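Heads up, the thing below is written out as structure tokens.
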Amino acid sequence: MTDATRAPEPSTGPDGGADAADSVGGAVHRDRKLSRPDEQSAPAMDTHPTDDEARIQGVVVQTRADVGDKSEERIADVLRQRFSDIGLDLGDDRIRALAAEVAGG
């Protein structure tokens, strides 16, 4: 492996390293193109609209994977916390029903 494959080419800057404008996401960006207005240049989060039921099912699936072998009370506690974290206020009856679903399935 040569030095050229391990590090960017030195710039003419005072520190001799790659210029900040040469790097995009850790990769050397030699052509210094600017982003176009219609170009995605940052991570796309929540690109697909999701309704509450889809979010609930996503939390249920993840909780099953994480604590599905625990008691229903522990599962209910985890569900309460996760729904609170995403801003969903589900009633205790719904939480208990989902905890039973996770524990049984």
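As shown in the structure tokens, the chain order sets the letters A, B, ...; within each chain, residues go from 1, and ligands are also counted from 1 in the order they appear.
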
### Task
With a distance cut-off of 12 Å and only C-alpha atoms, select the neighbouring residues of Glu73 in chain A, excluding the residue or stretch itself and same-chain residues fewer than 6 positions from it, and output the selection as JSON, numbers by chain.
{"A": [67, 79, 80, 92, 95, 96, 97, 98, 99, 100, 102, 103]}

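The environment of Arg55 in chain A within 10 Å, counting only C-alpha atoms and disregarding residues fewer than 5 places along the same chain, consists of Thr50, Val60, Val61, Phe83, Ile86 and Leu88 of chain A.
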
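Compared by their closest atoms to Val59 in chain A, and using only C-alpha atoms, the residues A:Arg36, A:Arg82, A:Arg94, A:Arg74 rank with A:Arg82 nearest.
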